Amino acid sequence: MGLELTPLAVSKVKEIMEQQNPQPLGLRLAVVGGGCSGFSYQMNFENETNPIDKTYEFDGLKVFVDQASLMYLNGTKIDFVESLEGSGFKFDNPNVKTTCGCGSSFTV
């Protein structure tokens with residue numbers, strides 16, 4: 001199934017990357033332990049690649065995912081949303097069974 005970033009999410013990441021100095025090589029997505037439900041998402045800019053990472057490319061944006069996170073992110077669609085409550089990246093992950101009340105962590 002892989003991973004999907006919407007055009008809006010790609011555009012927003014690229015916009016933020018252009019403001020970084022030095023400009024990063026790409027975006028790293030990871031699932032890390034923590035949060036009230038057990039796991040949470042992590043997004044960081046990356047300047048180095050790891051040979052065992054899975055690398056995706058979306059309209060010129062490189063996205064790196066480590067092997068452990070890949071099994072939790074498989075089939076995930078990431079979008080950027082703006083609303084009255086705020087704006088941010090939204091993960092639509094079919095592997096998630098439950099989320100915490102604030103929506104920042106999940107269980108699989």
# chains A, B, ... in the order shown; residues from 1 in each chain; ligands from 1
$ residues_around --residues "segment 7-24 of chain A" --least-positions-apart "3" --cutoff "7 Å" --atoms "only C-alpha atoms" --output "ChimeraX atom specification"
/A:45-47,58,61,78-80
$ write_last_selection --atoms "N, CA and C atoms" --output "PDB file, in the first residue's frame"
ATOM      1  N   PHE A  45      12.968  17.210   9.724  1.00  0.00           N
ATOM      2  CA  PHE A  45      13.740  17.370   8.502  1.00  0.00           C
ATOM      3  C   PHE A  45      15.003  16.544   8.617  1.00  0.00           C
ATOM      4  N   GLU A  46      15.449  16.022   7.485  1.00  0.00           N
ATOM      5  CA  GLU A  46      16.577  15.094   7.460  1.00  0.00           C
ATOM      6  C   GLU A  46      17.645  15.609   6.507  1.00  0.00           C
ATOM      7  N   ASN A  47      18.903  15.517   6.956  1.00  0.00           N
ATOM      8  CA  ASN A  47      20.027  15.921   6.110  1.00  0.00           C
ATOM      9  C   ASN A  47      20.857  14.742   5.637  1.00  0.00           C
ATOM     10  N   PHE A  58       7.542  12.605  -3.583  1.00  0.00           N
ATOM     11  CA  PHE A  58       6.277  13.232  -3.934  1.00  0.00           C
ATOM     12  C   PHE A  58       6.577  14.602  -4.525  1.00  0.00           C
ATOM     13  N   LEU A  61       9.735  16.066  -3.423  1.00  0.00           N
ATOM     14  CA  LEU A  61       9.981  16.007  -1.979  1.00  0.00           C
ATOM     15  C   LEU A  61      10.346  14.577  -1.600  1.00  0.00           C
ATOM     16  N   ILE A  78      -1.392  11.389   4.448  1.00  0.00           N
ATOM     17  CA  ILE A  78      -1.096  12.580   5.237  1.00  0.00           C
ATOM     18  C   ILE A  78      -1.558  13.801   4.462  1.00  0.00           C
ATOM     19  N   ASP A  79      -2.321  14.636   5.139  1.00  0.00           N
ATOM     20  CA  ASP A  79      -2.858  15.859   4.538  1.00  0.00           C
ATOM     21  C   ASP A  79      -2.487  17.037   5.431  1.00  0.00           C
ATOM     22  N   PHE A  80      -2.620  18.237   4.901  1.00  0.00           N
ATOM     23  CA  PHE A  80      -2.459  19.446   5.701  1.00  0.00           C
ATOM     24  C   PHE A  80      -3.818  20.107   5.770  1.00  0.00           C
TER      25      PHE A  80
END
$ select_by_dssp --residues "chain A" --states "strand (DSSP E or B)" --output "PyMOL selection string"
chain A and resi 3-5+26-33+39-46+54-58+61-65+76-83+86-92+98-99+106-107
$ write_last_selection --atoms "C-alpha atoms" --output "PDB file, in the first residue's frame"
ATOM      1  CA  LEU A   3       2.388   6.019   1.988  1.00  0.00           C
ATOM      2  CA  GLU A   4       0.552   8.998   0.488  1.00  0.00           C
ATOM      3  CA  LEU A   5       1.001  12.733   0.953  1.00  0.00           C
ATOM      4  CA  GLY A  26      13.991  15.683   2.858  1.00  0.00           C
ATOM      5  CA  LEU A  27      11.407  14.841   5.478  1.00  0.00           C
ATOM      6  CA  ARG A  28      11.641  11.959   7.955  1.00  0.00           C
ATOM      7  CA  LEU A  29       8.403  10.362   9.149  1.00  0.00           C
ATOM      8  CA  ALA A  30       8.499   8.043  12.145  1.00  0.00           C
ATOM      9  CA  VAL A  31       6.304   6.343  14.693  1.00  0.00           C
ATOM     10  CA  VAL A  32       7.734   6.574  18.199  1.00  0.00           C
ATOM     11  CA  GLY A  33       6.655   5.192  21.546  1.00  0.00           C
ATOM     12  CA  PHE A  39       2.518   5.609  19.860  1.00  0.00           C
ATOM     13  CA  SER A  40       2.813   9.021  18.256  1.00  0.00           C
ATOM     14  CA  TYR A  41       3.904  10.418  14.894  1.00  0.00           C
ATOM     15  CA  GLN A  42       7.128  12.300  14.448  1.00  0.00           C
ATOM     16  CA  MET A  43       8.054  14.577  11.537  1.00  0.00           C
ATOM     17  CA  ASN A  44      11.594  15.945  11.239  1.00  0.00           C
ATOM     18  CA  PHE A  45      13.740  17.370   8.502  1.00  0.00           C
ATOM     19  CA  GLU A  46      16.577  15.094   7.460  1.00  0.00           C
ATOM     20  CA  LYS A  54      12.351   3.365   2.571  1.00  0.00           C
ATOM     21  CA  THR A  55      12.468   6.509   0.435  1.00  0.00           C
ATOM     22  CA  TYR A  56       9.358   7.960  -1.179  1.00  0.00           C
ATOM     23  CA  GLU A  57       9.249  10.908  -3.545  1.00  0.00           C
ATOM     24  CA  PHE A  58       6.277  13.232  -3.934  1.00  0.00           C
ATOM     25  CA  LEU A  61       9.981  16.007  -1.979  1.00  0.00           C
ATOM     26  CA  LYS A  62      11.934  13.083  -0.524  1.00  0.00           C
ATOM     27  CA  VAL A  63      10.318  11.351   2.443  1.00  0.00           C
ATOM     28  CA  PHE A  64      12.303   8.855   4.518  1.00  0.00           C
ATOM     29  CA  VAL A  65      10.754   6.173   6.734  1.00  0.00           C
ATOM     30  CA  THR A  76      -1.320   6.125   5.706  1.00  0.00           C
ATOM     31  CA  LYS A  77      -2.496   9.285   3.952  1.00  0.00           C
ATOM     32  CA  ILE A  78      -1.096  12.580   5.237  1.00  0.00           C
ATOM     33  CA  ASP A  79      -2.858  15.859   4.538  1.00  0.00           C
ATOM     34  CA  PHE A  80      -2.459  19.446   5.701  1.00  0.00           C
ATOM     35  CA  VAL A  81      -5.614  20.959   7.159  1.00  0.00           C
ATOM     36  CA  GLU A  82      -6.511  24.495   8.165  1.00  0.00           C
ATOM     37  CA  SER A  83      -9.518  25.208  10.352  1.00  0.00           C
ATOM     38  CA  GLY A  86      -5.757  25.612  13.993  1.00  0.00           C
ATOM     39  CA  SER A  87      -3.725  24.086  11.217  1.00  0.00           C
ATOM     40  CA  GLY A  88      -1.455  21.083  10.944  1.00  0.00           C
ATOM     41  CA  PHE A  89      -0.726  17.746   9.374  1.00  0.00           C
ATOM     42  CA  LYS A  90      -3.450  15.113   9.624  1.00  0.00           C
ATOM     43  CA  PHE A  91      -2.589  11.403   9.506  1.00  0.00           C
ATOM     44  CA  ASP A  92      -5.297   9.079   8.184  1.00  0.00           C
ATOM     45  CA  THR A  98      -7.834   3.753  18.947  1.00  0.00           C
ATOM     46  CA  THR A  99      -6.600   7.299  19.549  1.00  0.00           C
ATOM     47  CA  PHE A 106      -2.688   6.070  18.972  1.00  0.00           C
ATOM     48  CA  THR A 107      -2.693   2.287  19.386  1.00  0.00           C
TER      49      THR A 107
END
$ closest_residue --among "A:Asn93, A:Leu25, A:Gly38, A:Pro51" --to "Gly75 of chain A" --atoms "only C-alpha atoms"
A:Asn93
$ residues_around --residues "Asn74 of chain A" --least-positions-apart "4" --cutoff "9 Å" --atoms "only C-alpha atoms" --output "mmCIF file with N, CA and C atoms, in the first residue's frame"
data_model
loop_
_atom_site.group_PDB
_atom_site.id
_atom_site.type_symbol
_atom_site.label_atom_id
_atom_site.label_comp_id
_atom_site.auth_asym_id
_atom_site.auth_seq_id
_atom_site.Cartn_x
_atom_site.Cartn_y
_atom_site.Cartn_z
ATOM 1 N N MET A 1 0.825 -1.204 0.000
ATOM 2 C CA MET A 1 0.000 0.000 0.000
ATOM 3 C C MET A 1 0.858 1.252 0.000
ATOM 4 N N GLY A 2 1.846 1.306 0.827
ATOM 5 C CA GLY A 2 2.733 2.453 0.828
ATOM 6 C C GLY A 2 2.258 3.608 1.685
ATOM 7 N N LEU A 3 2.627 4.787 1.258
ATOM 8 C CA LEU A 3 2.388 6.019 1.988
ATOM 9 C C LEU A 3 1.943 7.068 0.988
ATOM 10 N N SER A 69 9.106 1.926 11.585
ATOM 11 C CA SER A 69 7.939 2.805 11.438
ATOM 12 C C SER A 69 7.099 2.428 10.229
ATOM 13 N N LEU A 70 7.741 1.842 9.230
ATOM 14 C CA LEU A 70 7.056 1.522 7.978
ATOM 15 C C LEU A 70 5.841 0.620 8.193
ATOM 16 N N ASN A 93 -4.594 6.973 9.151
ATOM 17 C CA ASN A 93 -3.860 5.721 9.209
ATOM 18 C C ASN A 93 -4.825 4.553 9.410
ATOM 19 N N PRO A 94 -4.936 3.650 8.416
ATOM 20 C CA PRO A 94 -5.858 2.514 8.539
ATOM 21 C C PRO A 94 -5.433 1.483 9.590
ATOM 22 N N ASN A 95 -4.209 1.564 10.076
ATOM 23 C CA ASN A 95 -3.701 0.611 11.069
ATOM 24 C C ASN A 95 -4.101 0.975 12.498
#
$ select_by_dssp --residues "chain A" --states "helix (DSSP H, G or I)" --output "list of chain:residue names"
A:Pro7, A:Leu8, A:Ala9, A:Val10, A:Ser11, A:Lys12, A:Val13, A:Lys14, A:Glu15, A:Ile16, A:Met17, A:Glu18, A:Gln67, A:Ala68, A:Ser69, A:Leu70, A:Met71, A:Tyr72, A:Leu73
